[in-house]
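Trainee: Provided herewith: start.txt, compact mmCIF, C-alpha atoms.
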```
# COMPACT_ATOMS: atom_id res chain seq x y z
CA MET A 1 0.00 0.00 0.00
CA PRO A 2 2.52 2.65 0.46
CA LEU A 3 2.76 4.57 -2.78
CA VAL A 4 6.34 5.81 -3.02
CA ARG A 5 7.62 8.57 -5.28
CA ILE A 6 11.40 8.72 -5.67
CA ASP A 7 12.90 11.72 -7.49
CA THR A 8 16.58 12.04 -8.36
CA LEU A 9 18.79 14.03 -10.69
CA GLY A 10 20.34 12.23 -13.65
CA ALA A 11 19.29 9.47 -15.92
CA ASP A 12 21.07 6.54 -14.29
CA ALA A 13 18.49 3.74 -14.35
CA GLY A 14 20.68 1.49 -12.24
CA ARG A 15 20.83 4.05 -9.48
CA LEU A 16 17.06 4.57 -9.55
CA HIS A 17 16.49 0.85 -9.21
CA ALA A 18 19.00 0.57 -6.38
CA LEU A 19 17.19 3.35 -4.54
CA SER A 20 13.85 1.71 -5.14
CA ARG A 21 15.18 -1.54 -3.70
CA ALA A 22 16.63 0.30 -0.70
CA VAL A 23 13.36 2.02 0.14
CA HIS A 24 11.30 -1.12 -0.37
CA GLU A 25 13.48 -3.31 1.81
CA ALA A 26 13.54 -0.64 4.51
CA LEU A 27 9.73 -0.53 4.54
CA VAL A 28 9.46 -4.31 4.71
CA GLU A 29 11.92 -4.47 7.60
CA THR A 30 10.71 -1.53 9.66
CA ILE A 31 7.00 -1.02 9.11
CA GLY A 32 6.17 -4.60 8.24
CA ILE A 33 4.66 -4.38 4.78
CA PRO A 34 4.57 -7.61 2.76
CA ASP A 35 7.36 -8.15 0.29
CA ASP A 36 5.03 -7.87 -2.70
CA ASP A 37 3.50 -4.59 -1.48
CA ARG A 38 5.71 -2.53 -3.75
CA PHE A 39 4.32 0.47 -5.65
CA HIS A 40 6.90 2.98 -6.77
CA ILE A 41 7.05 5.91 -9.18
CA LEU A 42 10.72 6.58 -10.02
CA THR A 43 11.83 9.72 -11.82
CA GLY A 44 15.35 10.66 -12.84
CA HIS A 45 15.22 14.35 -13.77
CA ASP A 46 17.39 15.48 -16.66
CA GLY A 47 18.31 18.74 -14.92
CA VAL A 48 17.04 20.87 -17.78
CA ARG A 49 13.36 20.59 -18.50
CA SER A 50 12.81 18.87 -15.18
CA THR A 51 15.05 19.25 -12.18
CA LEU A 52 15.42 19.41 -8.41
CA ARG A 53 16.27 22.27 -6.09
CA TYR A 54 17.74 21.91 -2.61
CA ASP A 55 19.80 23.82 -0.08
CA ASP A 56 21.69 23.23 3.16
CA TYR A 57 18.76 23.67 5.58
CA LEU A 58 19.43 22.44 9.15
CA GLY A 59 23.14 22.41 8.43
CA VAL A 60 22.96 19.33 6.24
CA HIS A 61 25.15 19.71 3.19
CA ARG A 62 23.36 18.31 0.16
CA ASP A 63 24.46 17.99 -3.46
CA ASP A 64 23.20 16.71 -6.80
CA ASP A 65 23.02 13.17 -5.39
CA ILE A 66 19.96 14.29 -3.43
CA VAL A 67 17.06 11.83 -3.34
CA TYR A 68 13.52 12.87 -2.55
CA VAL A 69 11.42 10.01 -1.18
CA ALA A 70 7.72 10.82 -0.71
CA ILE A 71 5.72 8.05 0.92
CA THR A 72 1.91 7.97 1.05
CA MET A 73 0.57 5.36 3.48
CA ARG A 74 -2.21 4.63 5.94
CA SER A 75 -1.97 6.32 9.32
CA GLY A 76 -1.13 4.30 12.39
CA ARG A 77 2.62 3.80 12.40
CA THR A 78 4.22 4.85 15.68
CA PRO A 79 6.93 7.50 15.82
CA GLU A 80 9.44 4.78 16.70
CA ARG A 81 8.57 2.82 13.59
CA LYS A 82 8.89 5.87 11.42
CA GLN A 83 12.25 6.74 12.93
CA ALA A 84 13.47 3.20 12.30
CA MET A 85 12.19 3.52 8.75
CA TYR A 86 14.14 6.72 8.10
CA ARG A 87 17.32 5.22 9.52
CA ARG A 88 17.00 2.08 7.44
CA ILE A 89 16.19 3.93 4.21
CA ALA A 90 19.33 6.02 4.66
CA GLU A 91 21.46 2.95 5.45
CA LEU A 92 20.26 0.94 2.49
CA ALA A 93 20.39 3.87 0.07
CA HIS A 94 24.03 4.12 0.98
CA GLU A 95 24.64 0.40 0.72
CA TYR A 96 22.80 -0.21 -2.56
CA ALA A 97 23.15 3.10 -4.41
CA GLY A 98 26.14 4.75 -2.79
CA THR A 99 23.96 7.69 -1.75
CA GLU A 100 25.31 9.46 1.27
CA PRO A 101 22.78 9.64 4.14
CA ARG A 102 22.94 13.44 4.13
CA ASN A 103 21.34 13.35 0.66
CA VAL A 104 18.34 11.23 1.62
CA PHE A 105 15.23 13.36 2.14
CA VAL A 106 12.03 11.56 3.18
CA THR A 107 8.52 12.77 3.84
CA VAL A 108 5.39 10.83 4.78
CA THR A 109 1.76 11.70 4.01
CA GLU A 110 -0.93 9.64 5.66
CA ASN A 111 -4.47 8.72 4.77
CA GLU A 112 -7.01 6.08 5.82
CA PRO A 113 -8.00 2.55 4.76
CA ILE A 114 -10.91 3.85 2.67
CA ASP A 115 -8.45 5.87 0.62
CA TRP A 116 -6.97 2.93 -1.28
CA SER A 117 -8.14 0.90 -4.23
CA LEU A 118 -5.46 -1.56 -5.24
CA GLY A 119 -7.10 -2.90 -8.35
CA HIS A 120 -10.51 -4.13 -9.56
CA GLY A 121 -12.22 -0.91 -8.47
CA ILE A 122 -12.45 -2.21 -4.89
CA ALA A 123 -11.41 -0.48 -1.65
CA GLN A 124 -9.64 -3.60 -0.43
CA TYR A 125 -8.90 -2.40 3.10
CA VAL A 126 -12.54 -1.78 3.97
CA GLU A 127 -14.63 -4.08 1.79
CA GLU A 128 -16.00 -7.14 3.41
CA ARG A 129 -14.68 -10.18 1.72
CA THR A 130 -17.23 -12.14 -0.17
CA PRO A 131 -17.11 -15.49 1.63
CA ASP A 132 -16.24 -18.45 -0.47
CA PRO A 133 -19.31 -20.53 -1.28
CA PRO A 134 -19.68 -23.56 0.99
CA ARG A 135 -18.24 -26.73 -0.42
CA GLU A 136 -20.35 -29.80 -0.54
CA MET B 1 -10.57 21.00 -7.15
CA PRO B 2 -9.33 17.53 -7.11
CA LEU B 3 -5.77 17.60 -8.34
CA VAL B 4 -5.17 14.27 -10.06
CA ARG B 5 -1.82 12.73 -10.94
CA ILE B 6 -1.92 9.84 -13.38
CA ASP B 7 1.28 7.87 -13.97
CA THR B 8 1.64 5.17 -16.61
CA LEU B 9 4.37 3.31 -18.44
CA GLY B 10 4.94 4.11 -22.10
CA ALA B 11 4.64 7.16 -24.26
CA ASP B 12 1.20 6.60 -25.73
CA ALA B 13 -0.46 10.04 -25.56
CA GLY B 14 -3.80 8.63 -26.67
CA ARG B 15 -3.86 6.22 -23.79
CA LEU B 16 -2.98 8.95 -21.29
CA HIS B 17 -5.80 11.10 -22.54
CA ALA B 18 -8.26 8.23 -22.44
CA LEU B 19 -7.30 7.57 -18.83
CA SER B 20 -7.63 11.24 -17.98
CA ARG B 21 -11.10 11.27 -19.46
CA ALA B 22 -12.03 8.09 -17.58
CA VAL B 23 -10.96 9.49 -14.22
CA HIS B 24 -12.61 12.83 -14.82
CA GLU B 25 -15.95 11.40 -15.84
CA ALA B 26 -15.87 9.01 -12.90
CA LEU B 27 -15.34 11.92 -10.50
CA VAL B 28 -18.14 13.94 -12.08
CA GLU B 29 -20.54 11.01 -11.83
CA THR B 30 -19.69 9.73 -8.37
CA ILE B 31 -18.47 12.59 -6.22
CA GLY B 32 -20.35 15.33 -8.00
CA ILE B 33 -17.63 17.71 -9.13
CA PRO B 34 -18.55 20.14 -11.91
CA ASP B 35 -17.60 19.15 -15.42
CA ASP B 36 -15.05 21.97 -15.73
CA ASP B 37 -13.35 21.08 -12.44
CA ARG B 38 -10.60 19.18 -14.21
CA PHE B 39 -6.97 19.49 -13.09
CA HIS B 40 -4.71 16.64 -14.14
CA ILE B 41 -0.98 15.97 -14.31
CA LEU B 42 -0.40 13.09 -16.73
CA THR B 43 2.96 11.33 -17.00
CA GLY B 44 3.88 8.49 -19.32
CA HIS B 45 7.18 7.12 -18.03
CA ASP B 46 9.69 5.93 -20.59
CA GLY B 47 10.72 2.94 -18.49
CA VAL B 48 14.37 3.95 -18.46
CA ARG B 49 15.12 7.28 -16.83
CA SER B 50 11.69 7.28 -15.23
CA THR B 51 9.65 4.22 -14.53
CA LEU B 52 7.12 2.42 -12.32
CA ARG B 53 7.47 -0.54 -10.01
CA TYR B 54 4.65 -2.81 -8.89
CA ASP B 55 4.03 -6.32 -7.65
CA ASP B 56 1.14 -8.75 -7.06
CA TYR B 57 0.17 -7.57 -3.56
CA LEU B 58 -3.24 -8.84 -2.34
CA GLY B 59 -3.24 -11.45 -5.05
CA VAL B 60 -3.93 -8.94 -7.82
CA HIS B 61 -1.84 -9.71 -10.88
CA ARG B 62 -0.55 -6.46 -12.36
CA ASP B 63 1.54 -5.81 -15.44
CA ASP B 64 3.07 -2.92 -17.40
CA ASP B 65 -0.41 -1.55 -18.11
CA ILE B 66 -0.56 -0.45 -14.48
CA VAL B 67 -2.01 3.01 -13.87
CA TYR B 68 -1.36 4.97 -10.70
CA VAL B 69 -4.08 7.50 -9.96
CA ALA B 70 -3.34 9.83 -7.02
CA ILE B 71 -6.19 12.17 -6.13
CA THR B 72 -5.85 15.13 -3.77
CA MET B 73 -9.20 16.55 -2.70
CA ARG B 74 -11.07 18.17 0.17
CA SER B 75 -12.20 15.86 2.96
CA GLY B 76 -15.85 15.05 3.41
CA ARG B 77 -16.69 12.37 0.87
CA THR B 78 -18.39 9.36 2.46
CA PRO B 79 -16.93 5.87 2.18
CA GLU B 80 -19.81 4.92 -0.11
CA ARG B 81 -18.98 7.75 -2.50
CA LYS B 82 -15.34 6.80 -2.56
CA GLN B 83 -16.17 3.18 -3.25
CA ALA B 84 -18.44 4.21 -6.11
CA MET B 85 -15.63 6.41 -7.39
CA TYR B 86 -13.13 3.53 -7.43
CA ARG B 87 -15.59 1.26 -9.21
CA ARG B 88 -16.37 3.84 -11.86
CA ILE B 89 -12.73 4.77 -12.48
CA ALA B 90 -11.95 1.10 -13.09
CA GLU B 91 -14.95 0.66 -15.37
CA LEU B 92 -14.23 3.73 -17.49
CA ALA B 93 -10.48 3.07 -17.65
CA HIS B 94 -11.40 -0.25 -19.17
CA GLU B 95 -13.96 1.22 -21.53
CA TYR B 96 -11.91 4.20 -22.75
CA ALA B 97 -8.31 2.97 -22.50
CA GLY B 98 -8.63 -0.81 -22.51
CA THR B 99 -6.95 -0.94 -19.10
CA GLU B 100 -7.91 -4.01 -17.16
CA PRO B 101 -9.43 -3.20 -13.75
CA ARG B 102 -6.70 -5.21 -12.00
CA ASN B 103 -4.20 -2.62 -13.23
CA VAL B 104 -6.00 0.44 -11.84
CA PHE B 105 -4.43 1.62 -8.58
CA VAL B 106 -6.03 4.62 -6.85
CA THR B 107 -5.15 6.50 -3.71
CA VAL B 108 -6.78 9.57 -2.16
CA THR B 109 -5.17 12.27 0.00
CA GLU B 110 -7.45 14.77 1.67
CA ASN B 111 -7.05 18.35 2.81
CA GLU B 112 -9.33 21.26 3.74
CA PRO B 113 -11.01 24.18 1.94
CA ILE B 114 -8.28 26.59 3.05
CA ASP B 115 -5.73 24.43 1.25
CA TRP B 116 -6.73 25.45 -2.26
CA SER B 117 -6.02 28.48 -4.38
CA LEU B 118 -7.45 28.00 -7.86
CA GLY B 119 -6.06 31.12 -9.45
CA HIS B 120 -5.68 34.85 -8.73
CA GLY B 121 -3.91 34.16 -5.42
CA ILE B 122 -7.24 33.65 -3.69
CA ALA B 123 -8.37 30.77 -1.46
CA GLN B 124 -11.67 30.47 -3.30
CA TYR B 125 -13.31 27.97 -0.96
CA VAL B 126 -12.99 30.20 2.11
CA GLU B 127 -12.83 33.80 0.90
CA GLU B 128 -15.88 35.90 1.23
CA ARG B 129 -16.93 37.17 -2.12
CA THR B 130 -16.43 40.83 -2.60
CA PRO B 131 -19.95 42.03 -3.30
CA ASP B 132 -20.47 43.84 -6.55
CA PRO B 133 -20.73 47.60 -6.05
CA PRO B 134 -24.30 48.85 -5.99
CA ARG B 135 -25.59 50.12 -9.28
CA GLU B 136 -27.15 53.45 -9.52
CA MET C 1 10.72 21.50 5.09
CA PRO C 2 8.05 22.24 2.66
CA LEU C 3 8.46 19.87 -0.26
CA VAL C 4 7.18 21.70 -3.32
CA ARG C 5 6.24 20.17 -6.66
CA ILE C 6 5.86 22.61 -9.54
CA ASP C 7 4.43 21.31 -12.81
CA THR C 8 4.26 23.36 -16.01
CA LEU C 9 3.85 22.83 -19.72
CA GLY C 10 6.85 23.37 -21.96
CA ALA C 11 10.55 22.90 -21.64
CA ASP C 12 11.61 26.40 -20.73
CA ALA C 13 14.17 25.94 -17.94
CA GLY C 14 14.34 29.66 -17.27
CA ARG C 15 10.64 29.84 -16.61
CA LEU C 16 10.78 26.84 -14.27
CA HIS C 17 13.54 28.45 -12.28
CA ALA C 18 11.71 31.77 -12.12
CA LEU C 19 8.64 29.99 -10.77
CA SER C 20 10.74 28.10 -8.25
CA ARG C 21 12.22 31.37 -7.04
CA ALA C 22 8.77 32.97 -6.84
CA VAL C 23 7.33 30.18 -4.72
CA HIS C 24 10.35 30.02 -2.47
CA GLU C 25 10.46 33.73 -1.76
CA ALA C 26 6.71 33.75 -1.13
CA LEU C 27 7.09 30.99 1.46
CA VAL C 28 9.99 32.75 3.16
CA GLU C 29 8.02 35.99 3.35
CA THR C 30 4.63 34.68 4.37
CA ILE C 31 5.06 31.49 6.37
CA GLY C 32 8.47 32.27 7.74
CA ILE C 33 10.62 29.38 6.53
CA PRO C 34 14.38 29.94 6.54
CA ASP C 35 15.94 31.00 3.29
CA ASP C 36 17.86 27.72 2.90
CA ASP C 37 14.74 25.60 3.49
CA ARG C 38 14.23 25.05 -0.21
CA PHE C 39 13.23 21.65 -1.58
CA HIS C 40 11.60 21.69 -4.99
CA ILE C 41 10.78 19.17 -7.69
CA LEU C 42 10.30 21.05 -10.97
CA THR C 43 8.78 19.41 -14.04
CA GLY C 44 8.23 20.97 -17.45
CA HIS C 45 5.93 18.59 -19.32
CA ASP C 46 6.52 18.18 -23.05
CA GLY C 47 2.81 18.06 -23.81
CA VAL C 48 3.03 14.70 -25.51
CA ARG C 49 4.17 11.85 -23.34
CA SER C 50 3.55 13.93 -20.24
CA THR C 51 1.13 16.80 -20.06
CA LEU C 52 -1.33 18.82 -18.02
CA ARG C 53 -5.09 19.16 -18.21
CA TYR C 54 -7.13 22.07 -16.92
CA ASP C 55 -10.42 23.83 -17.46
CA ASP C 56 -12.19 27.08 -16.52
CA TYR C 57 -13.62 25.94 -13.16
CA LEU C 58 -14.92 28.78 -10.93
CA GLY C 59 -14.95 31.10 -13.91
CA VAL C 60 -11.17 31.43 -14.01
CA HIS C 61 -9.89 31.33 -17.56
CA ARG C 62 -6.70 29.27 -17.68
CA ASP C 63 -4.39 28.45 -20.56
CA ASP C 64 -1.18 26.57 -21.32
CA ASP C 65 0.74 28.87 -18.98
CA ILE C 66 -0.94 27.07 -16.08
CA VAL C 67 1.31 26.26 -13.13
CA TYR C 68 0.46 23.58 -10.59
CA VAL C 69 2.12 24.17 -7.22
CA ALA C 70 1.68 21.34 -4.70
CA ILE C 71 3.12 22.07 -1.27
CA THR C 72 3.58 19.44 1.44
CA MET C 73 4.31 20.96 4.85
CA ARG C 74 3.73 20.53 8.57
CA SER C 75 0.32 21.51 9.89
CA GLY C 76 -0.09 24.62 11.99
CA ARG C 77 -0.18 27.55 9.61
CA THR C 78 -3.21 29.77 10.17
CA PRO C 79 -5.71 30.47 7.41
CA GLU C 80 -4.45 34.06 7.27
CA ARG C 81 -0.90 32.90 6.65
CA LYS C 82 -2.01 30.54 3.92
CA GLN C 83 -4.03 33.26 2.24
CA ALA C 84 -1.04 35.59 2.34
CA MET C 85 1.05 32.79 0.89
CA TYR C 86 -1.31 32.27 -2.06
CA ARG C 87 -1.41 36.00 -2.78
CA ARG C 88 2.35 36.32 -2.71
CA ILE C 89 2.98 33.24 -4.86
CA ALA C 90 0.67 34.68 -7.51
CA GLU C 91 2.30 38.10 -7.32
CA LEU C 92 5.86 36.82 -7.59
CA ALA C 93 5.03 34.26 -10.28
CA HIS C 94 3.80 37.20 -12.30
CA GLU C 95 6.79 39.36 -11.48
CA TYR C 96 9.51 36.74 -12.05
CA ALA C 97 8.00 34.45 -14.68
CA GLY C 98 5.34 36.56 -16.34
CA THR C 99 2.69 34.04 -15.31
CA GLU C 100 -0.71 35.60 -14.99
CA PRO C 101 -2.28 35.11 -11.55
CA ARG C 102 -5.28 33.31 -13.10
CA ASN C 103 -2.88 30.53 -14.14
CA VAL C 104 -1.42 29.89 -10.68
CA PHE C 105 -3.01 26.86 -9.02
CA VAL C 106 -1.83 25.96 -5.50
CA THR C 107 -2.73 23.15 -3.15
CA VAL C 108 -1.38 22.33 0.31
CA THR C 109 -1.13 18.93 1.99
CA GLU C 110 -0.18 18.82 5.65
CA ASN C 111 1.53 16.31 7.85
CA GLU C 112 3.28 16.30 11.24
CA PRO C 113 6.82 16.83 12.57
CA ILE C 114 7.45 13.07 12.78
CA ASP C 115 6.80 12.83 9.04
CA TRP C 116 10.06 14.43 7.95
CA SER C 117 13.61 13.15 7.68
CA LEU C 118 15.81 15.81 6.12
CA GLY C 119 18.98 13.79 5.83
CA HIS C 120 21.10 11.35 7.86
CA GLY C 121 18.12 9.07 8.50
CA ILE C 122 17.00 11.28 11.37
CA ALA C 123 13.55 12.76 12.05
CA GLN C 124 15.02 16.17 12.78
CA TYR C 125 11.83 17.81 14.02
CA VAL C 126 11.28 15.30 16.83
CA GLU C 127 14.66 13.79 17.73
CA GLU C 128 16.31 14.94 20.85
CA ARG C 129 19.73 16.19 20.07
CA THR C 130 22.46 13.96 21.30
CA PRO C 131 24.39 16.19 23.66
CA ASP C 132 28.03 16.60 22.92
CA PRO C 133 30.18 14.48 25.19
CA PRO C 134 31.69 16.37 28.11
CA ARG C 135 35.21 17.58 27.53
CA GLU C 136 37.88 16.88 30.00
```
In structure tokens, what does this structure look like?
Mentor:
Amino acid sequence: MPLVRIDTLGADAGRLHALSRAVHEALVETIGIPDDDRFHILTGHDGVRSTLRYDDYLGVHRDDDIVYVAITMRSGRTPERKQAMYRRIAELAHEYAGTEPRNVFVTVTENEPIDWSLGHGIAQYVEERTPDPPRE
Amino acid sequence: MPLVRIDTLGADAGRLHALSRAVHEALVETIGIPDDDRFHILTGHDGVRSTLRYDDYLGVHRDDDIVYVAITMRSGRTPERKQAMYRRIAELAHEYAGTEPRNVFVTVTENEPIDWSLGHGIAQYVEERTPDPPRE
Amino acid sequence: MPLVRIDTLGADAGRLHALSRAVHEALVETIGIPDDDRFHILTGHDGVRSTLRYDDYLGVHRDDDIVYVAITMRSGRTPERKQAMYRRIAELAHEYAGTEPRNVFVTVTENEPIDWSLGHGIAQYVEERTPDPPRE
């Protein structure tokens, strides 16, 4: 269910995929989503007709390796889980993509179970399951 | 007022427009927005420098025809309206773009009337209208 | 901390940067963010494989100069601040980029301090600072 948008500078598909893997594994480990609950939109901006801007806010020196990770998910995760999630995303982004932790920028937006339809026009998190017919 | 982001794989402009039409008509029919309340950001990812990731979460088999629909709108729609909206988006995406309902992924993020400025630097949903001057 | 997405039509990098500057300065002036708190994702859509849709909702005539500005930030700004922010974004977009105020569309999505990690895998707005070790 999390829908994750990852935005980077540069057209390196390998790096984008490494970052996608880093974020996904961090979510599986820290907030307990299933391994196949992976929904990512990955954009490598060319720096001309689409680009990123950043600065050194909070004394963190960032550069063109910056990665924006915007996660939309259901509310309910504790602060401790979210903090573990941020730590693990930064660790794995470094391990898989060589991105320095100072360049990993994450923000979370929350909604509710009714706010998701994961296929078939159904709001899977709230619909009652149709029971299987009894077997004879 | 809904701001809708639609992300697909592939550079088929006709398909993007068909999906845009499907989502818009579904919103008009099910949550009652006016017909000219259409604000969409449509992106067909090339699969290389920008791309989508997905998996078979909840037993729904998805493929490269996947469509991510992210809707930002004011809070207040009932669960029943949202469920009708998901159903209708999936139906019309199939009818207009040939997208199978299993490939239609929708998420909603809500905000409040003060969170919109639809032109002229005004928060239209909360500002008092300046009355017309009296005519003589 | 605000994460700002700006979407336009056309590949004019100068215009994108002018809009980015307009939005940033408006935020600094009206909601009091520090000058180095700048985090923008700027996309100029080519109009073919990625594009924008809009209409004349609320009697505002828009055209291909439309600018979508989507701001994610922590909750807590008053309605008056937000209204000042919208006004100033429209003014500066006109001054710096020549964009007419009718074409400036802004929406805000809010979250909480725990929902931000601005580098180093830390949730800066909630973490207690580790005190420096005592010197001997």
Trainee: Can you provide chain A as a CSV table (one decimal) with C-alpha atoms, in the frame of the given file, superposed onto chain B by least squares across all C-alpha atoms matched in order?
Mentor:
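Result file is result_36.csv:
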```csv
chain,number,residue,atom,x,y,z
A,1,MET,CA,-10.4,21.1,-7.1
A,2,PRO,CA,-9.2,17.6,-7.1
A,3,LEU,CA,-5.6,17.6,-8.3
A,4,VAL,CA,-5.1,14.3,-10.1
A,5,ARG,CA,-1.7,12.7,-10.9
A,6,ILE,CA,-1.9,9.8,-13.4
A,7,ASP,CA,1.3,7.8,-14.0
A,8,THR,CA,1.6,5.1,-16.6
A,9,LEU,CA,4.4,3.2,-18.4
A,10,GLY,CA,4.9,4.0,-22.1
A,11,ALA,CA,4.7,7.1,-24.2
A,12,ASP,CA,1.2,6.6,-25.7
A,13,ALA,CA,-0.4,10.0,-25.5
A,14,GLY,CA,-3.7,8.7,-26.7
A,15,ARG,CA,-3.8,6.2,-23.8
A,16,LEU,CA,-2.9,8.9,-21.3
A,17,HIS,CA,-5.7,11.2,-22.5
A,18,ALA,CA,-8.2,8.3,-22.4
A,19,LEU,CA,-7.3,7.6,-18.8
A,20,SER,CA,-7.6,11.3,-18.0
A,21,ARG,CA,-11.0,11.4,-19.5
A,22,ALA,CA,-12.0,8.2,-17.6
A,23,VAL,CA,-10.9,9.6,-14.2
A,24,HIS,CA,-12.5,13.0,-14.8
A,25,GLU,CA,-15.9,11.6,-15.9
A,26,ALA,CA,-15.8,9.2,-12.9
A,27,LEU,CA,-15.3,12.1,-10.5
A,28,VAL,CA,-18.0,14.1,-12.1
A,29,GLU,CA,-20.5,11.2,-11.9
A,30,THR,CA,-19.6,9.9,-8.4
A,31,ILE,CA,-18.4,12.8,-6.2
A,32,GLY,CA,-20.2,15.6,-8.0
A,33,ILE,CA,-17.5,17.9,-9.1
A,34,PRO,CA,-18.4,20.3,-11.9
A,35,ASP,CA,-17.4,19.3,-15.4
A,36,ASP,CA,-14.8,22.1,-15.7
A,37,ASP,CA,-13.1,21.2,-12.4
A,38,ARG,CA,-10.4,19.3,-14.2
A,39,PHE,CA,-6.8,19.5,-13.1
A,40,HIS,CA,-4.6,16.7,-14.1
A,41,ILE,CA,-0.9,15.9,-14.3
A,42,LEU,CA,-0.3,13.0,-16.7
A,43,THR,CA,3.0,11.2,-17.0
A,44,GLY,CA,3.9,8.4,-19.3
A,45,HIS,CA,7.2,7.0,-18.0
A,46,ASP,CA,9.7,5.8,-20.6
A,47,GLY,CA,10.7,2.8,-18.5
A,48,VAL,CA,14.3,3.7,-18.4
A,49,ARG,CA,15.1,7.0,-16.8
A,50,SER,CA,11.7,7.1,-15.2
A,51,THR,CA,9.6,4.0,-14.5
A,52,LEU,CA,7.1,2.3,-12.3
A,53,ARG,CA,7.4,-0.7,-10.0
A,54,TYR,CA,4.5,-2.9,-8.9
A,55,ASP,CA,3.8,-6.4,-7.6
A,56,ASP,CA,0.9,-8.8,-7.1
A,57,TYR,CA,0.0,-7.6,-3.6
A,58,LEU,CA,-3.5,-8.8,-2.3
A,59,GLY,CA,-3.5,-11.4,-5.1
A,60,VAL,CA,-4.1,-8.9,-7.8
A,61,HIS,CA,-2.1,-9.7,-10.9
A,62,ARG,CA,-0.7,-6.5,-12.4
A,63,ASP,CA,1.4,-5.9,-15.4
A,64,ASP,CA,3.0,-3.0,-17.4
A,65,ASP,CA,-0.5,-1.6,-18.1
A,66,ILE,CA,-0.6,-0.5,-14.5
A,67,VAL,CA,-2.0,3.0,-13.9
A,68,TYR,CA,-1.4,4.9,-10.7
A,69,VAL,CA,-4.1,7.5,-10.0
A,70,ALA,CA,-3.3,9.8,-7.0
A,71,ILE,CA,-6.1,12.2,-6.1
A,72,THR,CA,-5.8,15.1,-3.8
A,73,MET,CA,-9.1,16.6,-2.7
A,74,ARG,CA,-10.9,18.3,0.2
A,75,SER,CA,-12.1,16.0,3.0
A,76,GLY,CA,-15.8,15.2,3.4
A,77,ARG,CA,-16.7,12.5,0.8
A,78,THR,CA,-18.4,9.5,2.4
A,79,PRO,CA,-17.0,6.0,2.1
A,80,GLU,CA,-19.9,5.1,-0.2
A,81,ARG,CA,-19.0,8.0,-2.5
A,82,LYS,CA,-15.4,7.0,-2.6
A,83,GLN,CA,-16.2,3.3,-3.3
A,84,ALA,CA,-18.5,4.4,-6.1
A,85,MET,CA,-15.6,6.6,-7.4
A,86,TYR,CA,-13.2,3.6,-7.4
A,87,ARG,CA,-15.7,1.4,-9.2
A,88,ARG,CA,-16.4,4.0,-11.9
A,89,ILE,CA,-12.8,4.9,-12.5
A,90,ALA,CA,-12.0,1.2,-13.1
A,91,GLU,CA,-15.0,0.8,-15.4
A,92,LEU,CA,-14.2,3.9,-17.5
A,93,ALA,CA,-10.5,3.2,-17.7
A,94,HIS,CA,-11.5,-0.1,-19.2
A,95,GLU,CA,-14.0,1.4,-21.5
A,96,TYR,CA,-11.9,4.3,-22.8
A,97,ALA,CA,-8.3,3.1,-22.5
A,98,GLY,CA,-8.7,-0.7,-22.5
A,99,THR,CA,-7.0,-0.9,-19.1
A,100,GLU,CA,-8.0,-3.9,-17.2
A,101,PRO,CA,-9.6,-3.1,-13.8
A,102,ARG,CA,-6.9,-5.2,-12.0
A,103,ASN,CA,-4.3,-2.6,-13.2
A,104,VAL,CA,-6.1,0.5,-11.8
A,105,PHE,CA,-4.5,1.6,-8.6
A,106,VAL,CA,-6.1,4.6,-6.9
A,107,THR,CA,-5.2,6.5,-3.7
A,108,VAL,CA,-6.8,9.6,-2.2
A,109,THR,CA,-5.1,12.3,0.0
A,110,GLU,CA,-7.4,14.8,1.7
A,111,ASN,CA,-6.9,18.4,2.8
A,112,GLU,CA,-9.2,21.3,3.7
A,113,PRO,CA,-10.8,24.3,2.0
A,114,ILE,CA,-8.1,26.6,3.1
A,115,ASP,CA,-5.5,24.4,1.3
A,116,TRP,CA,-6.5,25.5,-2.2
A,117,SER,CA,-5.8,28.5,-4.4
A,118,LEU,CA,-7.2,28.0,-7.8
A,119,GLY,CA,-5.8,31.1,-9.4
A,120,HIS,CA,-5.3,34.9,-8.7
A,121,GLY,CA,-3.6,34.2,-5.4
A,122,ILE,CA,-6.9,33.7,-3.7
A,123,ALA,CA,-8.1,30.8,-1.4
A,124,GLN,CA,-11.4,30.6,-3.3
A,125,TYR,CA,-13.1,28.1,-0.9
A,126,VAL,CA,-12.7,30.3,2.1
A,127,GLU,CA,-12.6,33.9,0.9
A,128,GLU,CA,-15.7,35.9,1.3
A,129,ARG,CA,-16.8,37.0,-2.1
A,130,THR,CA,-16.6,40.7,-2.6
A,131,PRO,CA,-20.2,41.7,-3.2
A,132,ASP,CA,-21.0,43.2,-6.5
A,133,PRO,CA,-21.5,47.0,-6.2
A,134,PRO,CA,-25.2,48.0,-6.0
A,135,ARG,CA,-26.6,49.0,-9.3
A,136,GLU,CA,-28.4,52.2,-9.6
```
Trainee: Box for range 117-129 of chain B: with edges along x, y and z, all listed atoms inside and 5 Å added on each side, what are the centre and edge lengths in Å to one decimal, as JSON?
Mentor:
```
{"center_x": -10.4, "center_y": 32.6, "center_z": -3.7, "size_x": 23.0, "size_y": 19.2, "size_z": 21.6}
```
Trainee: One number please: CA of Ile122 in chain A to CA of Asn103 in chain B, in Å, one decimal.
Mentor: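 Interatomic distance here is 11.7 Å.
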Trainee: Which residues of chain B are close to chain C, meaning at most 7 Å apart when you count all atoms listed in the file, and how do they look as a VMD selection string?
Mentor: chain B and resid 11 to 13 36 to 44 111 114 to 123
Trainee: As an exercise, work out the distance from CA of Arg21 in chain C to CA of Asp64 in chain A in Å and give it to one decimal place.
Mentor: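 CA of Arg21 in chain C sits 18.3 Å away from CA of Asp64 in chain A.
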Trainee: Show me the residues around (-9.8, 4.2, -15.4) - criterion: an atom at most 6 Å away, all atoms listed in the file counted - as a list in words.
Mentor: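 Output: Leu19, Ala22, Val23, Ile89, Ala90, Leu92 and Ala93 of chain B.
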